[in-house]
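Containing mmCIF, C-alpha atoms: target.cif.
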```cif
data_target
loop_
_atom_site.label_atom_id
_atom_site.label_comp_id
_atom_site.auth_asym_id
_atom_site.auth_seq_id
_atom_site.Cartn_x
_atom_site.Cartn_y
_atom_site.Cartn_z
CA ALA Q 284 -26.60 -8.45 34.98
CA SER Q 285 -23.13 -8.07 36.57
CA ALA Q 286 -22.10 -5.49 33.99
CA GLY Q 287 -19.46 -3.19 35.51
CA ARG Q 288 -19.85 -4.95 38.85
CA ASP Q 289 -16.24 -4.50 39.99
CA ASN Q 290 -15.76 -0.85 39.14
CA THR Q 291 -14.90 1.10 42.26
CA THR Q 292 -13.30 4.39 41.29
CA GLY Q 293 -13.82 4.62 37.54
CA THR Q 294 -16.26 7.13 36.09
CA ARG Q 295 -18.17 7.84 32.88
CA ASN Q 296 -18.22 4.22 31.69
CA VAL Q 297 -20.99 2.71 29.53
CA TYR Q 298 -21.97 -0.94 30.01
CA LEU Q 299 -24.41 -2.81 27.79
CA GLY Q 300 -24.38 -6.61 27.91
CA PHE Q 301 -24.00 -9.50 30.34
CA SER Q 302 -20.81 -9.12 32.47
CA SER Q 303 -19.55 -6.39 30.21
CA GLY Q 304 -16.63 -4.53 31.74
CA SER Q 305 -16.49 -6.75 34.81
CA SER Q 306 -13.15 -6.84 36.69
CA ASN Q 307 -12.23 -3.37 35.39
CA SER Q 308 -12.21 -1.61 38.73
CA THR Q 309 -10.53 1.73 38.06
CA GLY Q 310 -10.95 2.48 34.35
CA SER Q 311 -12.90 5.47 33.12
CA ASN Q 312 -14.42 6.64 29.84
CA ASN Q 313 -14.79 3.08 28.53
CA THR Q 314 -17.61 1.82 26.33
CA PHE Q 315 -18.57 -1.87 26.60
CA ILE Q 316 -21.24 -3.08 24.17
CA GLY Q 317 -21.99 -6.80 23.96
CA ASN Q 318 -21.92 -9.98 25.99
CA GLU Q 319 -18.78 -10.18 28.18
CA THR Q 320 -17.06 -7.35 26.36
CA GLY Q 321 -13.85 -6.25 28.08
CA VAL Q 322 -14.05 -8.87 30.83
CA ASN Q 323 -10.81 -8.89 32.87
CA SER Q 324 -9.61 -5.84 31.01
CA SER Q 325 -8.13 -2.69 32.48
CA GLY Q 326 -7.38 0.78 31.27
CA SER Q 327 -9.44 3.78 30.24
CA GLY Q 328 -10.78 5.31 27.06
CA ASN Q 329 -11.40 1.95 25.39
CA ILE Q 330 -14.25 0.90 23.12
CA TYR Q 331 -15.23 -2.79 23.02
CA ILE Q 332 -17.99 -3.83 20.62
CA GLY Q 333 -19.27 -7.38 20.01
CA ASN Q 334 -19.62 -10.67 21.82
CA ARG Q 335 -16.58 -11.18 24.13
CA ALA Q 336 -14.56 -8.54 22.32
CA GLY Q 337 -11.46 -7.26 24.13
CA ILE Q 338 -11.34 -9.85 26.90
CA GLY Q 339 -8.22 -9.53 29.06
CA ARG Q 340 -6.83 -6.45 27.33
CA GLY Q 341 -4.74 -4.23 29.58
CA THR Q 342 -4.12 -1.04 27.63
CA SER Q 343 -5.95 2.26 27.27
CA ASN Q 344 -7.39 4.14 24.30
CA ARG Q 345 -8.01 1.11 22.11
CA LEU Q 346 -10.84 -0.09 19.87
CA TYR Q 347 -11.81 -3.76 19.57
CA LEU Q 348 -14.64 -4.90 17.31
CA ASP Q 349 -15.33 -8.61 16.85
CA ASN Q 350 -17.96 -11.27 17.48
CA ASN Q 351 -15.75 -13.43 19.71
CA ASN Q 352 -12.55 -13.30 21.72
CA ASN Q 353 -10.29 -13.94 18.74
CA SER Q 354 -6.54 -13.43 19.04
CA ILE Q 355 -6.74 -10.77 16.34
CA PRO Q 356 -9.95 -8.74 16.18
CA LEU Q 357 -11.71 -7.93 12.94
CA LEU Q 358 -11.19 -4.24 13.66
CA PHE Q 359 -8.53 -2.77 15.94
CA GLY Q 360 -7.86 0.88 16.58
CA ASN Q 361 -5.29 2.84 18.53
CA PHE Q 362 -6.59 6.25 19.54
CA ASP Q 363 -3.15 7.36 20.74
CA THR Q 364 -1.53 6.95 17.32
CA ARG Q 365 -4.74 7.44 15.32
CA THR Q 366 -4.21 4.14 13.48
CA LEU Q 367 -6.63 1.44 12.37
CA GLY Q 368 -6.11 -2.23 11.55
CA VAL Q 369 -8.48 -4.55 9.67
CA ASN Q 370 -7.83 -8.17 10.66
CA THR Q 371 -4.49 -7.04 12.11
CA PHE Q 372 -3.12 -5.00 14.97
CA GLY Q 373 -1.53 -2.73 12.41
CA LYS Q 374 1.98 -1.74 11.44
CA THR Q 375 3.89 1.06 13.11
CA GLY Q 376 3.90 4.21 11.04
CA TYR Q 377 0.86 3.36 8.91
CA THR Q 378 -2.56 4.91 9.48
CA LEU Q 379 -4.43 1.95 7.96
CA SER Q 380 -3.24 -1.67 7.89
CA VAL Q 381 -5.03 -4.65 6.36
CA GLY Q 382 -4.27 -8.25 7.28
CA GLY Q 383 -5.30 -9.82 3.98
CA SER Q 384 -6.23 -8.96 0.42
CA ILE Q 385 -8.07 -5.84 -0.68
CA TYR Q 386 -10.66 -5.84 -3.46
CA GLY Q 387 -11.80 -2.62 -5.06
CA ASN Q 388 -14.54 -1.97 -7.59
CA GLY Q 389 -13.95 1.72 -7.96
CA SER Q 390 -11.17 4.27 -8.15
CA LEU Q 391 -8.19 4.91 -5.90
CA SER Q 392 -6.95 8.47 -5.69
CA LEU Q 393 -3.46 9.24 -4.42
CA GLY Q 394 -2.14 12.66 -3.53
CA SER Q 395 1.00 14.18 -5.02
CA ALA Q 396 3.16 12.89 -2.17
CA ALA Q 397 1.62 9.41 -2.04
CA TYR Q 398 3.37 6.16 -2.86
CA ILE Q 399 2.73 2.43 -2.65
CA ASP Q 400 5.20 0.54 -0.48
CA ASP Q 401 5.51 -3.17 0.25
CA ASP Q 402 8.26 -4.14 2.67
CA THR Q 403 7.68 -7.88 2.48
CA SER Q 404 10.58 -10.06 1.41
CA LEU Q 405 10.08 -11.73 -1.96
CA GLY Q 406 12.63 -13.93 -3.65
CA GLY Q 407 15.06 -13.50 -0.77
CA ASN Q 408 15.26 -9.72 -1.21
CA SER Q 409 13.53 -6.94 0.66
CA ASP Q 410 12.06 -4.97 -2.23
CA ASP Q 411 9.17 -2.72 -3.10
CA TRP Q 412 6.61 -4.59 -5.18
CA LEU Q 413 3.49 -3.56 -7.00
CA ARG Q 414 1.62 -6.43 -8.62
CA LEU Q 415 -1.09 -5.59 -11.10
CA ASN Q 416 -3.13 -8.13 -13.04
CA GLY Q 417 -5.22 -6.73 -15.84
CA TYR Q 418 -5.57 -3.41 -17.62
CA VAL Q 419 -3.62 -0.59 -16.01
CA GLU Q 420 -3.70 3.05 -17.06
CA MET Q 421 -1.33 5.67 -15.70
CA LYS Q 422 -1.41 9.34 -16.59
CA SER Q 423 1.40 11.80 -16.01
CA ASN Q 424 0.93 15.54 -15.71
CA THR Q 425 4.27 16.25 -17.38
CA ASP Q 426 6.00 15.29 -20.64
CA SER Q 427 9.27 14.64 -18.81
CA TYR Q 428 8.36 11.28 -17.32
CA GLY Q 429 5.52 8.82 -16.88
CA ILE Q 430 6.76 5.64 -15.22
CA VAL Q 431 10.19 5.69 -13.58
CA LEU Q 432 11.89 2.52 -12.33
CA ARG Q 433 14.86 3.05 -10.03
CA ASP Q 434 17.59 0.79 -8.68
CA LYS Q 435 18.03 0.11 -4.97
CA ASP Q 436 20.57 2.94 -4.63
CA ASN Q 437 18.24 5.43 -6.31
CA THR Q 438 20.96 6.35 -8.80
CA ALA Q 439 19.96 4.58 -12.05
CA TYR Q 440 16.67 4.95 -13.87
CA LEU Q 441 14.51 3.42 -16.54
CA GLY Q 442 11.95 5.96 -17.66
CA ILE Q 443 8.89 5.17 -19.78
CA THR Q 444 6.65 7.91 -21.08
CA GLN Q 445 4.50 9.15 -23.96
CA LYS Q 446 5.07 12.51 -25.63
CA ASP Q 447 3.63 13.93 -28.85
CA GLY Q 448 2.48 10.49 -30.02
CA TRP Q 449 5.82 8.79 -29.35
CA SER Q 450 6.62 6.18 -26.72
CA TYR Q 451 9.99 6.81 -25.05
CA PHE Q 452 12.36 4.54 -23.13
CA ALA Q 453 15.06 6.54 -21.34
CA ASP Q 454 17.85 5.84 -18.86
CA SER Q 455 16.77 8.79 -16.76
CA ASN Q 456 13.56 10.40 -15.61
CA THR Q 457 13.24 12.60 -18.68
CA SER Q 458 12.17 11.73 -22.23
CA SER Q 459 14.87 13.94 -23.76
CA ASN Q 460 17.51 11.38 -22.77
CA TYR Q 461 15.85 8.47 -24.52
CA PHE Q 462 17.63 5.49 -26.07
CA LEU Q 463 14.56 4.07 -27.85
CA ARG Q 464 11.34 5.58 -29.05
CA GLY Q 465 8.47 4.30 -31.14
CA ASN Q 466 5.47 5.57 -33.04
CA GLY Q 467 3.02 2.93 -34.23
CA ALA Q 468 5.04 0.31 -36.12
CA ASN Q 469 8.07 2.58 -36.35
CA ALA Q 470 11.00 2.46 -33.94
CA GLU Q 471 14.00 4.72 -33.59
CA VAL Q 472 17.25 3.93 -31.77
CA ARG Q 473 19.24 6.87 -30.51
CA GLY Q 474 22.93 6.04 -30.38
CA THR Q 475 24.69 2.74 -31.12
CA LEU Q 476 22.75 -0.48 -31.62
CA SER Q 477 24.49 -3.67 -30.55
CA ALA Q 478 23.07 -7.16 -31.03
CA GLY Q 479 24.22 -10.42 -29.48
CA GLY Q 480 22.47 -12.42 -32.17
CA ASN Q 481 20.92 -12.10 -35.60
CA ILE Q 482 18.74 -9.19 -36.66
CA THR Q 483 16.04 -10.14 -39.14
CA ALA Q 484 13.91 -7.79 -41.18
CA PRO Q 485 11.76 -9.94 -43.51
CA ASN Q 486 9.97 -6.99 -45.10
CA LEU Q 487 13.07 -4.85 -45.53
CA LYS Q 488 14.89 -5.16 -48.86
CA THR Q 489 17.72 -2.68 -48.39
CA ILE Q 490 19.39 -1.43 -45.23
CA ASP Q 491 21.37 1.79 -45.20
CA TRP Q 492 23.75 0.79 -42.41
CA ASN Q 493 25.24 4.27 -42.13
CA ALA Q 494 21.82 5.61 -41.24
CA ALA Q 495 20.34 2.65 -39.40
CA TYR Q 496 23.32 1.54 -37.30
CA ALA Q 497 24.04 4.81 -35.55
CA GLN Q 498 22.67 8.32 -35.26
#
```
What does this structure look like when you write it as structure tokens?
Amino acid sequence: ASAGRDNTTGTRNVYLGFSSGSSNSTGSNNTFIGNETGVNSSGSGNIYIGNRAGIGRGTSNRLYLDNNNNSIPLLFGNFDTRTLGVNTFGKTGYTLSVGGSIYGNGSLSLGSAAYIDDDTSLGGNSDDWLRLNGYVEMKSNTDSYGIVLRDKDNTAYLGITQKDGWSYFADSNTSSNYFLRGNGANAEVRGTLSAGGNITAPNLKTIDWNAAYAQ
């Protein structure tokens, strides 16, 4: 009863539920499903699903899915920008936004141009953060680099990679410019080794300093 009661010039609307779409007098191509969905709303091309979802909204081409008139719906969509928010209205420039934590029990595949970006401010600085807790495996499709850490100016690097059974630490994005590499229990320093404290080698009886200090 009273669903779509105030519509005067709008066309191609769908109303299902008590008072759904009431007070929307001129909107067209709207879908109202649920008790009091879209009451006192306006606009066209909207989809409101769930008890009292989208009450008082005044824009067009939006999706609201919830079971009450909450300030932030469980699911929000913008058909103009082709974006979707879960428990959030979304962030400009991002196709999918999530207002909370994400749990996954499967795999995440990223394309060649994909990256993970977090613009939140942590520790007083606006940085990119990736927090991982547990076992992490990364595979590179090239011997030149695996993991590359860059400074804020994108000019200095710390590269970490595996090549031919060796683990490399380099100050660039290529393993050929390494300063430290290791294989099993063996380590090799390329260049000068400086220490600000004592160096102990309990299982080493003789050190050839000409060979071990610099290469």
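For the pair atom CA of Q:Thr314 and atom CA of Q:Arg345, the interatomic distance is 10.5 Å.
Going from atom CA of Q:Thr291 over to atom CA of Q:Gly337, you cover 20.3 Å.
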At a cut-off of 10 Å, using only C-alpha atoms, what residues contact Q:Val369? Leave out same-chain residues fewer than 6 positions from it and give the result as an NGL selection string. :Q and (348 or 355-360 or 379-383)
Give the answer as one residue: which of Q:Asp434, Q:Thr292, Q:Ala468, Q:Tyr377 has the shortest atom-to-atom distance to Q:Ser450, using all atoms listed in the file? Q:Ala468
Convert the output of the PyMOL selection byres ((chain Q and resi 299) around 6) on the shown file into explicit residues, formatted as a list of chain:residue names.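 Evaluating the PyMOL selection byres ((chain Q and resi 299) around 6) on these coordinates yields Q:Tyr298, Q:Gly300, Q:Ile316.
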For a quick check of your reading of the model, name the residues lying within 10 Å of the coordinate (-15.9, -11.3, 22.0), counting only C-alpha atoms, and write them as a PyMOL selection string. chain Q and resi 317-322+331-338+347-353+356
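Proximity ranking of Q:Ser285, Q:Ser327, Q:Asn296, Q:Thr342 relative to Q:Phe315 places Q:Asn296 first, based on only C-alpha atoms.
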Which residue gives the smallest distance to Q:Asn469 among Q:Phe301, Q:Tyr386, Q:Trp449, Q:Phe372, with only C-alpha atoms counted? Q:Trp449
For the PyMOL selection byres ((chain Q and resi 440) around 7), applied here, can you spell out every residue it catches as a list in words?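 Matching residues under the PyMOL selection byres ((chain Q and resi 440) around 7) are Val431, Leu432, Arg433, Asp434, Thr438, Ala439, Leu441, Gly442, Asp454, Ser455 and Asn456 of chain Q.
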List, as a list in words, every residue that the PyMOL selection byres ((chain Q and resi 473) around 6) selects in the file provided. Phe462, Val472 and Gly474 of chain Q
Separation of atom CA of Q:Lys446 from atom CA of Q:Thr483, in Å and rounded to one decimal: 28.6 Å
Would you list the residues near (-8.9, -5.5, 33.9), meaning any protein, DNA or RNA residue with an atom at most 8 Å from that point in file coordinates, counting all atoms listed in the file, as a PyMOL selection string? chain Q and resi 305-308+321-326+339-341
Could you list, as a list in words, every residue within 9 Å of Q:Arg295, counting all atoms listed in the file and ignoring same-chain residues fewer than 2 positions away?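 Close residues of Q:Arg295: Gly293, Val297, Ser311, Asn312, Asn313 and Thr314 of chain Q.
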Q:Leu463 surroundings by all atoms listed in the file, 8 Å radius, close-in-sequence under 2 positions cut, as a VMD selection string: chain Q and resid 451 to 453 461 465 470 to 473
Could you add whatever atoms are missing so that stretch 429-440 of chain Q carries all heavy atoms, then write the result as an mmCIF file, in the coordinates of the input?
```cif
data_model
loop_
_atom_site.group_PDB
_atom_site.id
_atom_site.type_symbol
_atom_site.label_atom_id
_atom_site.label_comp_id
_atom_site.auth_asym_id
_atom_site.auth_seq_id
_atom_site.Cartn_x
_atom_site.Cartn_y
_atom_site.Cartn_z
ATOM 1 N N GLY Q 429 6.780 9.466 -17.186
ATOM 2 C CA GLY Q 429 5.520 8.820 -16.880
ATOM 3 C C GLY Q 429 5.736 7.785 -15.798
ATOM 4 O O GLY Q 429 5.383 7.964 -14.645
ATOM 5 N N ILE Q 430 6.395 6.683 -16.166
ATOM 6 C CA ILE Q 430 6.760 5.640 -15.220
ATOM 7 C C ILE Q 430 8.278 5.654 -15.066
ATOM 8 O O ILE Q 430 9.010 5.627 -16.046
ATOM 9 C CB ILE Q 430 6.297 4.256 -15.705
ATOM 10 C CG1 ILE Q 430 4.773 4.248 -15.910
ATOM 11 C CG2 ILE Q 430 6.702 3.169 -14.726
ATOM 12 C CD1 ILE Q 430 4.261 2.980 -16.544
ATOM 13 N N VAL Q 431 8.755 5.687 -13.847
ATOM 14 C CA VAL Q 431 10.190 5.690 -13.580
ATOM 15 C C VAL Q 431 10.524 4.512 -12.671
ATOM 16 O O VAL Q 431 9.973 4.393 -11.585
ATOM 17 C CB VAL Q 431 10.644 7.005 -12.914
ATOM 18 C CG1 VAL Q 431 12.140 6.947 -12.611
ATOM 19 C CG2 VAL Q 431 10.323 8.195 -13.803
ATOM 20 N N LEU Q 432 11.405 3.637 -13.127
ATOM 21 C CA LEU Q 432 11.890 2.520 -12.330
ATOM 22 C C LEU Q 432 13.299 2.858 -11.856
ATOM 23 O O LEU Q 432 14.161 3.240 -12.660
ATOM 24 C CB LEU Q 432 11.905 1.236 -13.172
ATOM 25 C CG LEU Q 432 10.588 0.857 -13.861
ATOM 26 C CD1 LEU Q 432 10.772 -0.403 -14.689
ATOM 27 C CD2 LEU Q 432 9.487 0.657 -12.834
ATOM 28 N N ARG Q 433 13.569 2.690 -10.580
ATOM 29 C CA ARG Q 433 14.860 3.050 -10.030
ATOM 30 C C ARG Q 433 15.537 1.830 -9.415
ATOM 31 O O ARG Q 433 14.868 0.893 -8.985
ATOM 32 C CB ARG Q 433 14.712 4.121 -8.955
ATOM 33 C CG ARG Q 433 13.911 5.328 -9.399
ATOM 34 C CD ARG Q 433 13.894 6.391 -8.346
ATOM 35 N NE ARG Q 433 13.022 7.501 -8.738
ATOM 36 C CZ ARG Q 433 13.197 8.749 -8.350
ATOM 37 N NH1 ARG Q 433 14.222 9.049 -7.581
ATOM 38 N NH2 ARG Q 433 12.376 9.696 -8.730
ATOM 39 N N ASP Q 434 16.867 1.869 -9.337
ATOM 40 C CA ASP Q 434 17.590 0.790 -8.680
ATOM 41 C C ASP Q 434 17.562 1.012 -7.172
ATOM 42 O O ASP Q 434 17.051 2.034 -6.683
ATOM 43 C CB ASP Q 434 19.017 0.684 -9.211
ATOM 44 C CG ASP Q 434 19.866 1.889 -8.822
ATOM 45 O OD1 ASP Q 434 19.311 2.862 -8.268
ATOM 46 O OD2 ASP Q 434 21.083 1.849 -9.076
ATOM 47 N N LYS Q 435 18.107 0.058 -6.435
ATOM 48 C CA LYS Q 435 18.030 0.110 -4.970
ATOM 49 C C LYS Q 435 18.784 1.295 -4.383
ATOM 50 O O LYS Q 435 18.500 1.742 -3.272
ATOM 51 C CB LYS Q 435 18.554 -1.193 -4.369
ATOM 52 C CG LYS Q 435 20.024 -1.470 -4.611
ATOM 53 C CD LYS Q 435 20.431 -2.802 -4.001
ATOM 54 C CE LYS Q 435 21.918 -3.090 -4.212
ATOM 55 N NZ LYS Q 435 22.763 -2.108 -3.532
ATOM 56 N N ASP Q 436 19.780 1.804 -5.116
ATOM 57 C CA ASP Q 436 20.570 2.940 -4.630
ATOM 58 C C ASP Q 436 19.993 4.276 -5.077
ATOM 59 O O ASP Q 436 20.546 5.322 -4.758
ATOM 60 C CB ASP Q 436 22.012 2.816 -5.113
ATOM 61 C CG ASP Q 436 22.688 1.562 -4.592
ATOM 62 O OD1 ASP Q 436 22.472 1.238 -3.422
ATOM 63 O OD2 ASP Q 436 23.412 0.913 -5.369
ATOM 64 N N ASN Q 437 18.912 4.217 -5.846
ATOM 65 C CA ASN Q 437 18.240 5.430 -6.310
ATOM 66 C C ASN Q 437 19.137 6.280 -7.199
ATOM 67 O O ASN Q 437 19.067 7.509 -7.203
ATOM 68 C CB ASN Q 437 17.735 6.254 -5.125
ATOM 69 C CG ASN Q 437 16.588 7.169 -5.515
ATOM 70 O OD1 ASN Q 437 15.811 6.857 -6.400
ATOM 71 N ND2 ASN Q 437 16.478 8.297 -4.846
ATOM 72 N N THR Q 438 20.022 5.619 -7.956
ATOM 73 C CA THR Q 438 20.960 6.350 -8.800
ATOM 74 C C THR Q 438 20.758 6.069 -10.289
ATOM 75 O O THR Q 438 21.174 6.865 -11.126
ATOM 76 C CB THR Q 438 22.411 6.003 -8.432
ATOM 77 O OG1 THR Q 438 22.592 4.584 -8.537
ATOM 78 C CG2 THR Q 438 22.719 6.442 -7.012
ATOM 79 N N ALA Q 439 20.176 4.939 -10.653
ATOM 80 C CA ALA Q 439 19.960 4.580 -12.050
ATOM 81 C C ALA Q 439 18.459 4.495 -12.315
ATOM 82 O O ALA Q 439 17.676 4.105 -11.449
ATOM 83 C CB ALA Q 439 20.635 3.255 -12.380
ATOM 84 N N TYR Q 440 18.075 4.846 -13.534
ATOM 85 C CA TYR Q 440 16.670 4.950 -13.870
ATOM 86 C C TYR Q 440 16.353 4.188 -15.151
ATOM 87 O O TYR Q 440 17.201 4.004 -16.015
ATOM 88 C CB TYR Q 440 16.256 6.405 -14.104
ATOM 89 C CG TYR Q 440 16.516 7.352 -12.970
ATOM 90 C CD1 TYR Q 440 17.765 7.944 -12.801
ATOM 91 C CD2 TYR Q 440 15.506 7.676 -12.081
ATOM 92 C CE1 TYR Q 440 17.996 8.828 -11.772
ATOM 93 C CE2 TYR Q 440 15.731 8.573 -11.050
ATOM 94 C CZ TYR Q 440 16.972 9.147 -10.900
ATOM 95 O OH TYR Q 440 17.193 10.035 -9.883
#
```
